[in-house]
Amino acid sequence: MSEIDARFWDKAARKYASSPIADMAGFDKTLARTRELLPPGASVLELGCGTGTAALRLADAAESYLATDISSEMVAIGREKAAATEDGAAGRPDFRQATARELAAEGTRYDAVLGFNYLHLVSDVPQALGDIRSLLTPGGLFISKTPCLGDMTPLIGLAIPVMRLFGKAPSSVASMTAASLTEAIRAAGFEILADERHGSEKKDTRPFIAARATD
């Protein structure tokens with residue numbers, strides 16, 4: 001993701017925060033499944049956390065939870081939401097503006113890395129997956145749920161460049177299929193543990209994938 005994308009998401013953050021989740025039942029299922037998969041006492045990193053909706057729901061399932069995003073405004077809203085919770089400091093995530101590449105360079109390793117609605121918004125998917133692999137402890141868990149635009153109607157792909165011209169889409173949008181995403185995750189050094197669909201609608205183009213980093 002670029003500085004241009006950071007500015008795009010900074011500008012969109014407040015509207016994004018006020019928008020309802022389109023498929024709450026699917027979202028709840030994803031969070032419940034993630035809880036099942038997280039090891040006890042895990043250190044968790046979330047990439048592309050947005051305004052922290054998932055982080056605030058999952059942080060109490062981890063020993064530590066760092067929620068990150070390229071957008072400083074998204075992170076600021078996440079912190080505001082965390083401060084407004086009634087649970088005190090217990091179970092609150094930490095928020096930070098950062099990219100996977102920056103975090104990978106620091107050398108800290110996590111038991112689990114989460115990316116919800118993330119991978120389709122990176123400029124280089126194999127590079128991002130390599131960074132994620134390096135962020136994990138041996139045998140660590142990567143959990144992804146992201147739209148696969150290549151499985152959607154071709155009109156979506158045609159619309160994105162037009163939307164960019166009017167400032168309605170970020171510069172980084174990857175058009176993957178579920179099959180190509182799964183293969184990319186394997187190629188990055190992961191074993192697929194789960195490949196599921198949690199959406200309430202008949203056609204769900206957002207695969208939930210859990211993968212373990214191989215030695």
# chains A, B, ... in the order shown; residues from 1 in each chain; ligands from 1
>>> select_by_dssp(residues="stretch 3-213 of chain A", states="alpha helix (DSSP H)", output="PyMOL selection string")
chain A and resi 3-18+24-37+53-58+72-83+100-106+125-135+154-165+178-187
>>> residues_around(residues="A:Gln97", least_positions_apart="4", cutoff="7 Å", atoms="only C-alpha atoms", output="PDB file with N, CA, C and O atoms, in the first residue's frame")
ATOM      1  N   THR A  68      -3.226  -2.926  13.569  1.00  0.00           N
ATOM      2  CA  THR A  68      -2.490  -1.959  12.760  1.00  0.00           C
ATOM      3  C   THR A  68      -3.231  -1.635  11.477  1.00  0.00           C
ATOM      4  O   THR A  68      -4.003  -2.445  10.957  1.00  0.00           O
ATOM      5  N   ASP A  69      -2.956  -0.442  10.959  1.00  0.00           N
ATOM      6  CA  ASP A  69      -3.544  -0.030   9.693  1.00  0.00           C
ATOM      7  C   ASP A  69      -2.638   1.009   9.059  1.00  0.00           C
ATOM      8  O   ASP A  69      -1.904   1.717   9.759  1.00  0.00           O
ATOM      9  N   ILE A  70      -2.690   1.127   7.740  1.00  0.00           N
ATOM     10  CA  ILE A  70      -1.902   2.133   7.028  1.00  0.00           C
ATOM     11  C   ILE A  70      -2.425   3.542   7.288  1.00  0.00           C
ATOM     12  O   ILE A  70      -1.698   4.520   7.178  1.00  0.00           O
ATOM     13  N   SER A  71      -3.708   3.644   7.669  1.00  0.00           N
ATOM     14  CA  SER A  71      -4.357   4.933   7.848  1.00  0.00           C
ATOM     15  C   SER A  71      -4.278   5.410   9.297  1.00  0.00           C
ATOM     16  O   SER A  71      -4.775   4.742  10.209  1.00  0.00           O
ATOM     17  N   SER A  72      -3.695   6.577   9.510  1.00  0.00           N
ATOM     18  CA  SER A  72      -3.625   7.140  10.862  1.00  0.00           C
ATOM     19  C   SER A  72      -5.020   7.498  11.376  1.00  0.00           C
ATOM     20  O   SER A  72      -5.282   7.411  12.579  1.00  0.00           O
ATOM     21  N   VAL A  75      -6.747   4.347  12.635  1.00  0.00           N
ATOM     22  CA  VAL A  75      -6.173   3.998  13.931  1.00  0.00           C
ATOM     23  C   VAL A  75      -6.709   4.915  15.024  1.00  0.00           C
ATOM     24  O   VAL A  75      -7.022   4.473  16.138  1.00  0.00           O
TER      25      VAL A  75
END
>>> residues_around(residues="A:Val122", least_positions_apart="6", cutoff="12 Å", atoms="only C-alpha atoms", output="PDB file with C-alpha atoms, in the first residue's frame")
ATOM      1  CA  MET A   1       0.000   0.000   0.000  1.00  0.00           C
ATOM      2  CA  SER A   2       1.219   3.489  -0.825  1.00  0.00           C
ATOM      3  CA  ASP A   5      -3.717   4.761  -0.353  1.00  0.00           C
ATOM      4  CA  ALA A   6      -3.052   6.048   3.167  1.00  0.00           C
ATOM      5  CA  LEU A  47      -3.169  -6.060   9.646  1.00  0.00           C
ATOM      6  CA  GLY A  48      -5.560  -3.627   7.996  1.00  0.00           C
ATOM      7  CA  ASP A  69      -3.544  -0.030   9.693  1.00  0.00           C
ATOM      8  CA  ILE A  70      -1.902   2.133   7.028  1.00  0.00           C
ATOM      9  CA  THR A  99       2.384  -1.669   7.329  1.00  0.00           C
ATOM     10  CA  ALA A 100       3.291  -5.347   7.219  1.00  0.00           C
ATOM     11  CA  ARG A 101       6.628  -4.458   5.608  1.00  0.00           C
ATOM     12  CA  GLY A 115      -6.059  -9.966   7.894  1.00  0.00           C
ATOM     13  CA  ALA A 128       2.661  -9.198   1.621  1.00  0.00           C
ATOM     14  CA  LEU A 129       2.354 -12.932   2.256  1.00  0.00           C
ATOM     15  CA  ASP A 131       6.083 -10.391   5.165  1.00  0.00           C
ATOM     16  CA  THR A 146     -10.937 -11.034   1.917  1.00  0.00           C
ATOM     17  CA  PRO A 170      -7.758   3.152  -3.622  1.00  0.00           C
ATOM     18  CA  SER A 171      -4.863   2.669  -6.018  1.00  0.00           C
ATOM     19  CA  SER A 172      -4.113  -0.846  -4.720  1.00  0.00           C
ATOM     20  CA  VAL A 173      -6.840  -3.380  -5.520  1.00  0.00           C
ATOM     21  CA  ALA A 174      -5.857  -6.973  -6.348  1.00  0.00           C
ATOM     22  CA  SER A 175      -8.176  -9.029  -8.549  1.00  0.00           C
ATOM     23  CA  MET A 176      -7.699 -12.563  -7.199  1.00  0.00           C
TER      24      MET A 176
END
>>> closest_residue(among="A:Arg57, A:Arg109, A:Lys145, A:His198", to="A:Arg133", atoms="only C-alpha atoms")
A:Arg109
>>> closest_residue(among="A:Arg197, A:Arg212, A:Lys203, A:Arg92", to="A:Lys29", atoms="only C-alpha atoms")
A:Arg197
>>> atom_distance(atom1="atom CA of A:Ala12", atom2="atom CA of A:His120")
17.3 Å
>>> residues_around(residues="A:Ala32", least_positions_apart="5", cutoff="9 Å", atoms="only C-alpha atoms", output="PDB file with N, CA, C and O atoms, in the first residue's frame")
ATOM      1  N   PHE A  27     -20.090 -11.967   9.618  1.00  0.00           N
ATOM      2  CA  PHE A  27     -19.021 -11.366  10.420  1.00  0.00           C
ATOM      3  C   PHE A  27     -18.922 -12.061  11.779  1.00  0.00           C
ATOM      4  O   PHE A  27     -17.824 -12.414  12.235  1.00  0.00           O
ATOM      5  N   LEU A  37      -9.815 -20.927  16.669  1.00  0.00           N
ATOM      6  CA  LEU A  37      -8.510 -21.277  16.117  1.00  0.00           C
ATOM      7  C   LEU A  37      -7.336 -20.665  16.870  1.00  0.00           C
ATOM      8  O   LEU A  37      -6.227 -21.209  16.831  1.00  0.00           O
ATOM      9  N   LEU A  58     -12.135  -9.293  19.492  1.00  0.00           N
ATOM     10  CA  LEU A  58     -11.260 -10.457  19.625  1.00  0.00           C
ATOM     11  C   LEU A  58     -10.142 -10.292  20.647  1.00  0.00           C
ATOM     12  O   LEU A  58      -9.516 -11.282  21.038  1.00  0.00           O
TER      13      LEU A  58
END
>>> residues_around(residues="A:Gly189", least_positions_apart="4", cutoff="7 Å", atoms="only C-alpha atoms", output="list in words")
Ile185, Ala213 and Thr214 of chain A
>>> write_last_selection(atoms="all heavy atoms", output="JSON list (two decimals), in the first residue's frame")
[["chain", "number", "residue", "atom", "x", "y", "z"],
["A", 185, "ILE", "N", -0.99, -18.41, -0.96],
["A", 185, "ILE", "CA", -0.72, -18.64, 0.47],
["A", 185, "ILE", "C", 0.16, -19.87, 0.64],
["A", 185, "ILE", "O", 1.13, -19.86, 1.40],
["A", 185, "ILE", "CB", -2.04, -18.77, 1.25],
["A", 185, "ILE", "CG1", -2.76, -17.42, 1.28],
["A", 185, "ILE", "CG2", -1.79, -19.27, 2.67],
["A", 185, "ILE", "CD1", -4.15, -17.46, 1.89],
["A", 213, "ALA", "N", 2.08, -21.60, 9.32],
["A", 213, "ALA", "CA", 3.41, -21.42, 8.75],
["A", 213, "ALA", "C", 4.21, -22.72, 8.88],
["A", 213, "ALA", "O", 4.32, -23.29, 9.97],
["A", 213, "ALA", "CB", 4.14, -20.29, 9.48],
["A", 214, "THR", "N", 4.72, -23.19, 7.77],
["A", 214, "THR", "CA", 5.50, -24.43, 7.78],
["A", 214, "THR", "C", 6.96, -24.11, 8.13],
["A", 214, "THR", "O", 7.42, -22.98, 8.00],
["A", 214, "THR", "CB", 5.44, -25.11, 6.42],
["A", 214, "THR", "OG1", 5.88, -24.20, 5.41],
["A", 214, "THR", "CG2", 4.01, -25.54, 6.11]]
>>> residues_around(residues="A:Ala13", least_positions_apart="4", cutoff="9 Å", atoms="only C-alpha atoms", output="VMD selection string")
chain A and resid 8 to 9 17 to 18 50 to 51 71 73 to 74 77
>>> write_last_selection(atoms="all heavy atoms", output="PDB file, in the first residue's frame")
ATOM      1  N   PHE A   8      -6.143   8.110   0.929  1.00  0.00           N
ATOM      2  CA  PHE A   8      -7.498   7.699   0.557  1.00  0.00           C
ATOM      3  C   PHE A   8      -8.262   7.200   1.776  1.00  0.00           C
ATOM      4  O   PHE A   8      -9.404   7.607   2.029  1.00  0.00           O
ATOM      5  CB  PHE A   8      -7.443   6.608  -0.520  1.00  0.00           C
ATOM      6  CG  PHE A   8      -8.791   5.997  -0.820  1.00  0.00           C
ATOM      7  CD1 PHE A   8      -9.620   6.576  -1.758  1.00  0.00           C
ATOM      8  CD2 PHE A   8      -9.214   4.858  -0.156  1.00  0.00           C
ATOM      9  CE1 PHE A   8     -10.871   6.025  -2.033  1.00  0.00           C
ATOM     10  CE2 PHE A   8     -10.462   4.300  -0.418  1.00  0.00           C
ATOM     11  CZ  PHE A   8     -11.287   4.884  -1.358  1.00  0.00           C
ATOM     12  N   TRP A   9      -7.634   6.308   2.536  1.00  0.00           N
ATOM     13  CA  TRP A   9      -8.318   5.729   3.698  1.00  0.00           C
ATOM     14  C   TRP A   9      -8.465   6.725   4.838  1.00  0.00           C
ATOM     15  O   TRP A   9      -9.444   6.660   5.589  1.00  0.00           O
ATOM     16  CB  TRP A   9      -7.606   4.461   4.145  1.00  0.00           C
ATOM     17  CG  TRP A   9      -7.751   3.340   3.152  1.00  0.00           C
ATOM     18  CD1 TRP A   9      -6.784   2.769   2.392  1.00  0.00           C
ATOM     19  CD2 TRP A   9      -8.973   2.679   2.796  1.00  0.00           C
ATOM     20  NE1 TRP A   9      -7.312   1.806   1.578  1.00  0.00           N
ATOM     21  CE2 TRP A   9      -8.651   1.720   1.802  1.00  0.00           C
ATOM     22  CE3 TRP A   9     -10.296   2.813   3.213  1.00  0.00           C
ATOM     23  CZ2 TRP A   9      -9.615   0.902   1.228  1.00  0.00           C
ATOM     24  CZ3 TRP A   9     -11.257   1.988   2.627  1.00  0.00           C
ATOM     25  CH2 TRP A   9     -10.915   1.044   1.651  1.00  0.00           C
ATOM     26  N   ALA A  17     -16.368   4.306   9.265  1.00  0.00           N
ATOM     27  CA  ALA A  17     -16.693   3.948  10.649  1.00  0.00           C
ATOM     28  C   ALA A  17     -18.194   3.970  10.913  1.00  0.00           C
ATOM     29  O   ALA A  17     -18.695   3.209  11.754  1.00  0.00           O
ATOM     30  CB  ALA A  17     -15.980   4.897  11.605  1.00  0.00           C
ATOM     31  N   SER A  18     -18.914   4.822  10.197  1.00  0.00           N
ATOM     32  CA  SER A  18     -20.355   4.962  10.430  1.00  0.00           C
ATOM     33  C   SER A  18     -21.184   3.996   9.583  1.00  0.00           C
ATOM     34  O   SER A  18     -22.398   3.901   9.765  1.00  0.00           O
ATOM     35  CB  SER A  18     -20.802   6.400  10.139  1.00  0.00           C
ATOM     36  OG  SER A  18     -20.616   6.726   8.770  1.00  0.00           O
ATOM     37  N   GLY A  50      -8.624  -1.355  10.069  1.00  0.00           N
ATOM     38  CA  GLY A  50      -9.680  -0.372   9.904  1.00  0.00           C
ATOM     39  C   GLY A  50      -9.923   0.387  11.199  1.00  0.00           C
ATOM     40  O   GLY A  50      -8.977   0.820  11.866  1.00  0.00           O
ATOM     41  N   THR A  51     -11.177   0.524  11.568  1.00  0.00           N
ATOM     42  CA  THR A  51     -11.510   1.263  12.794  1.00  0.00           C
ATOM     43  C   THR A  51     -11.613   0.362  14.020  1.00  0.00           C
ATOM     44  O   THR A  51     -12.137   0.771  15.050  1.00  0.00           O
ATOM     45  CB  THR A  51     -12.824   2.035  12.607  1.00  0.00           C
ATOM     46  OG1 THR A  51     -13.893   1.119  12.327  1.00  0.00           O
ATOM     47  CG2 THR A  51     -12.708   3.030  11.467  1.00  0.00           C
ATOM     48  N   SER A  71      -3.708   3.644   7.669  1.00  0.00           N
ATOM     49  CA  SER A  71      -4.357   4.933   7.848  1.00  0.00           C
ATOM     50  C   SER A  71      -4.278   5.410   9.297  1.00  0.00           C
ATOM     51  O   SER A  71      -4.775   4.742  10.209  1.00  0.00           O
ATOM     52  CB  SER A  71      -5.832   4.840   7.432  1.00  0.00           C
ATOM     53  OG  SER A  71      -6.569   5.938   7.898  1.00  0.00           O
ATOM     54  N   GLU A  73      -5.906   7.887  10.473  1.00  0.00           N
ATOM     55  CA  GLU A  73      -7.258   8.252  10.885  1.00  0.00           C
ATOM     56  C   GLU A  73      -8.055   7.022  11.314  1.00  0.00           C
ATOM     57  O   GLU A  73      -8.808   7.062  12.295  1.00  0.00           O
ATOM     58  CB  GLU A  73      -7.982   8.972   9.753  1.00  0.00           C
ATOM     59  CG  GLU A  73      -9.313   9.583  10.141  1.00  0.00           C
ATOM     60  CD  GLU A  73      -9.220  10.688  11.178  1.00  0.00           C
ATOM     61  OE1 GLU A  73      -8.125  11.256  11.355  1.00  0.00           O
ATOM     62  OE2 GLU A  73     -10.242  10.990  11.820  1.00  0.00           O
ATOM     63  N   MET A  74      -7.887   5.907  10.608  1.00  0.00           N
ATOM     64  CA  MET A  74      -8.531   4.657  11.021  1.00  0.00           C
ATOM     65  C   MET A  74      -8.050   4.255  12.414  1.00  0.00           C
ATOM     66  O   MET A  74      -8.845   3.877  13.285  1.00  0.00           O
ATOM     67  CB  MET A  74      -8.212   3.540  10.018  1.00  0.00           C
ATOM     68  CG  MET A  74      -8.844   3.702   8.651  1.00  0.00           C
ATOM     69  SD  MET A  74     -10.578   3.238   8.625  1.00  0.00           S
ATOM     70  CE  MET A  74     -10.860   3.179   6.843  1.00  0.00           C
ATOM     71  N   ILE A  77      -9.593   6.417  15.141  1.00  0.00           N
ATOM     72  CA  ILE A  77     -10.971   6.024  15.451  1.00  0.00           C
ATOM     73  C   ILE A  77     -10.986   4.751  16.284  1.00  0.00           C
ATOM     74  O   ILE A  77     -11.774   4.609  17.227  1.00  0.00           O
ATOM     75  CB  ILE A  77     -11.776   5.850  14.159  1.00  0.00           C
ATOM     76  CG1 ILE A  77     -11.908   7.192  13.433  1.00  0.00           C
ATOM     77  CG2 ILE A  77     -13.168   5.281  14.456  1.00  0.00           C
ATOM     78  CD1 ILE A  77     -12.499   7.086  12.037  1.00  0.00           C
TER      79      ILE A  77
END
>>> residues_around(residues="A:Pro207", least_positions_apart="6", cutoff="10 Å", atoms="only C-alpha atoms", output="count of residues only")
16
>>> atom_distance(atom1="atom CA of A:Glu63", atom2="atom CA of A:Pro93")
9.9 Å
>>> atom_distance(atom1="atom CA of A:Asp124", atom2="atom CA of A:Pro20")
28.9 Å
>>> closest_residue(among="A:Ala84, A:Leu114, A:Ala54, A:Val125", to="A:Ile209", atoms="only C-alpha atoms")
A:Leu114
>>> decode(residues="stretch 42-53 of chain A", atoms="N, CA, C and O atoms", output="PDB file, in the first residue's frame")
ATOM      1  N   ALA A  42      -2.172 -16.371  23.115  1.00  0.00           N
ATOM      2  CA  ALA A  42      -1.505 -15.990  21.871  1.00  0.00           C
ATOM      3  C   ALA A  42      -1.171 -14.503  21.822  1.00  0.00           C
ATOM      4  O   ALA A  42      -1.892 -13.663  22.366  1.00  0.00           O
ATOM      5  N   SER A  43      -0.067 -14.207  21.158  1.00  0.00           N
ATOM      6  CA  SER A  43       0.224 -12.835  20.754  1.00  0.00           C
ATOM      7  C   SER A  43      -0.317 -12.677  19.342  1.00  0.00           C
ATOM      8  O   SER A  43       0.013 -13.466  18.456  1.00  0.00           O
ATOM      9  N   VAL A  44      -1.168 -11.681  19.127  1.00  0.00           N
ATOM     10  CA  VAL A  44      -1.901 -11.544  17.865  1.00  0.00           C
ATOM     11  C   VAL A  44      -1.588 -10.194  17.229  1.00  0.00           C
ATOM     12  O   VAL A  44      -1.566  -9.161  17.899  1.00  0.00           O
ATOM     13  N   LEU A  45      -1.375 -10.221  15.927  1.00  0.00           N
ATOM     14  CA  LEU A  45      -1.217  -9.013  15.122  1.00  0.00           C
ATOM     15  C   LEU A  45      -2.329  -8.992  14.090  1.00  0.00           C
ATOM     16  O   LEU A  45      -2.550  -9.976  13.383  1.00  0.00           O
ATOM     17  N   GLU A  46      -3.037  -7.875  14.012  1.00  0.00           N
ATOM     18  CA  GLU A  46      -4.030  -7.710  12.957  1.00  0.00           C
ATOM     19  C   GLU A  46      -3.540  -6.644  11.983  1.00  0.00           C
ATOM     20  O   GLU A  46      -3.174  -5.535  12.379  1.00  0.00           O
ATOM     21  N   LEU A  47      -3.547  -6.984  10.704  1.00  0.00           N
ATOM     22  CA  LEU A  47      -3.169  -6.060   9.646  1.00  0.00           C
ATOM     23  C   LEU A  47      -4.427  -5.506   8.992  1.00  0.00           C
ATOM     24  O   LEU A  47      -5.404  -6.230   8.807  1.00  0.00           O
ATOM     25  N   GLY A  48      -4.393  -4.232   8.628  1.00  0.00           N
ATOM     26  CA  GLY A  48      -5.560  -3.627   7.996  1.00  0.00           C
ATOM     27  C   GLY A  48      -6.771  -3.646   8.916  1.00  0.00           C
ATOM     28  O   GLY A  48      -7.872  -4.016   8.504  1.00  0.00           O
ATOM     29  N   CYS A  49      -6.580  -3.209  10.148  1.00  0.00           N
ATOM     30  CA  CYS A  49      -7.637  -3.325  11.169  1.00  0.00           C
ATOM     31  C   CYS A  49      -8.778  -2.346  10.966  1.00  0.00           C
ATOM     32  O   CYS A  49      -9.819  -2.468  11.616  1.00  0.00           O
ATOM     33  N   GLY A  50      -8.624  -1.355  10.069  1.00  0.00           N
ATOM     34  CA  GLY A  50      -9.680  -0.372   9.904  1.00  0.00           C
ATOM     35  C   GLY A  50      -9.923   0.387  11.199  1.00  0.00           C
ATOM     36  O   GLY A  50      -8.977   0.820  11.866  1.00  0.00           O
ATOM     37  N   THR A  51     -11.177   0.524  11.568  1.00  0.00           N
ATOM     38  CA  THR A  51     -11.510   1.263  12.794  1.00  0.00           C
ATOM     39  C   THR A  51     -11.613   0.362  14.020  1.00  0.00           C
ATOM     40  O   THR A  51     -12.137   0.771  15.050  1.00  0.00           O
ATOM     41  N   GLY A  52     -11.120  -0.866  13.899  1.00  0.00           N
ATOM     42  CA  GLY A  52     -10.969  -1.720  15.075  1.00  0.00           C
ATOM     43  C   GLY A  52     -12.158  -2.556  15.471  1.00  0.00           C
ATOM     44  O   GLY A  52     -12.180  -3.108  16.574  1.00  0.00           O
ATOM     45  N   THR A  53     -13.143  -2.700  14.595  1.00  0.00           N
ATOM     46  CA  THR A  53     -14.339  -3.458  14.965  1.00  0.00           C
ATOM     47  C   THR A  53     -14.012  -4.894  15.351  1.00  0.00           C
ATOM     48  O   THR A  53     -14.456  -5.400  16.386  1.00  0.00           O
TER      49      THR A  53
END
